[in-house]
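Peer 1: Structure incoming, see below.
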Amino acid sequence: MLDANTHRDVFRLHHESCRPCSDLFAFARERGDLQALGAWREQLAAHLANEAERREYDRLVREWLTGSRGGEAWSPERVAP
Ligand SMILES: [Zn+2]
C-alpha cells in the first residue's frame with residue numbers, strides 16, 4: 001500500500017514521468033472504475049518502492065566510489081539489493 005509518509009511531490013513527479021501509472025489513472029478516472037483505481041494505487045506503491053530502493057542503492061554505490069565510508073571494504077556485490 002501507499003506509504004502515508006511519502007511526500008506529495010514524490011507522487012506528482014512519478015505520476016508525470018511514468019506513463020503506465022498516468023494511463024492507468026486516466027483510465028480509472030474516465031470510467032469511474034474503483035477496481036482500476038485500486039490497481040493504480042498498488043502499481044504506484046510498487047513503483048515508488050522500486051525508486052526508493054534504487055536511490056538507496058545509488059547512494060551506497062556513490063559512497064563506495066568516493067570512498068566516503070572510510071576504510072570499509074565496499075564493493076558493488078556487497079551493496080547489491
Ligand atoms: Zn509508475
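By order in the C-alpha cells, chains are A, B, ...; within a chain, residues start at 1; ligands start at 1, following the order shown.
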Pick out the residues no farther than 7 Å from ligand 1, counting only C-alpha atoms and all ligand atoms, and list them as a ChimeraX atom specification.

Peer 2: /A:14-15,18-21,43-44,47

Peer 1: Using only C-alpha atoms, which protein or nucleic acid residues come within 10 Å of Trp40 (chain A)? Drop anything in the same chain fewer than 6 positions from it, and give the result as a short mmCIF file (atom, residue, chain, number, x, y, z; two decimals) with N, CA, C and O atoms, in the first residue's frame.

Peer 2:
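So out-v6.cif came out as:
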data_model
loop_
_atom_site.label_atom_id
_atom_site.label_comp_id
_atom_site.auth_asym_id
_atom_site.auth_seq_id
_atom_site.Cartn_x
_atom_site.Cartn_y
_atom_site.Cartn_z
N PRO A 20 2.79 4.25 -17.61
CA PRO A 20 1.85 3.23 -17.15
C PRO A 20 0.97 3.72 -16.00
O PRO A 20 -0.24 3.44 -15.96
N CYS A 21 1.54 4.49 -15.06
CA CYS A 21 0.75 4.98 -13.93
C CYS A 21 -0.24 6.05 -14.38
O CYS A 21 -1.41 6.02 -13.98
N SER A 22 0.22 7.00 -15.20
CA SER A 22 -0.70 8.07 -15.60
C SER A 22 -1.81 7.53 -16.50
O SER A 22 -2.95 7.96 -16.41
N ASP A 23 -1.48 6.55 -17.36
CA ASP A 23 -2.50 5.95 -18.22
C ASP A 23 -3.54 5.20 -17.41
O ASP A 23 -4.75 5.31 -17.67
N LEU A 24 -3.07 4.43 -16.44
CA LEU A 24 -4.00 3.64 -15.62
C LEU A 24 -4.90 4.56 -14.79
O LEU A 24 -6.10 4.32 -14.65
N PHE A 25 -4.33 5.65 -14.29
CA PHE A 25 -5.13 6.60 -13.52
C PHE A 25 -6.18 7.25 -14.41
O PHE A 25 -7.35 7.38 -14.02
N ALA A 26 -5.78 7.66 -15.62
CA ALA A 26 -6.72 8.29 -16.56
C ALA A 26 -7.85 7.32 -16.90
O ALA A 26 -9.03 7.70 -16.95
N PHE A 27 -7.50 6.06 -17.13
CA PHE A 27 -8.48 5.02 -17.43
C PHE A 27 -9.48 4.88 -16.29
O PHE A 27 -10.70 4.87 -16.50
N ALA A 28 -8.97 4.80 -15.06
CA ALA A 28 -9.83 4.64 -13.89
C ALA A 28 -10.75 5.84 -13.70
O ALA A 28 -11.94 5.69 -13.40
N LEU A 34 -13.54 1.85 -9.79
CA LEU A 34 -12.84 1.78 -8.50
C LEU A 34 -11.83 0.64 -8.45
O LEU A 34 -10.82 0.72 -7.76
N ALA A 46 4.16 0.13 -5.75
CA ALA A 46 5.26 -0.74 -6.15
C ALA A 46 6.35 0.06 -6.87
O ALA A 46 7.54 -0.12 -6.60
#
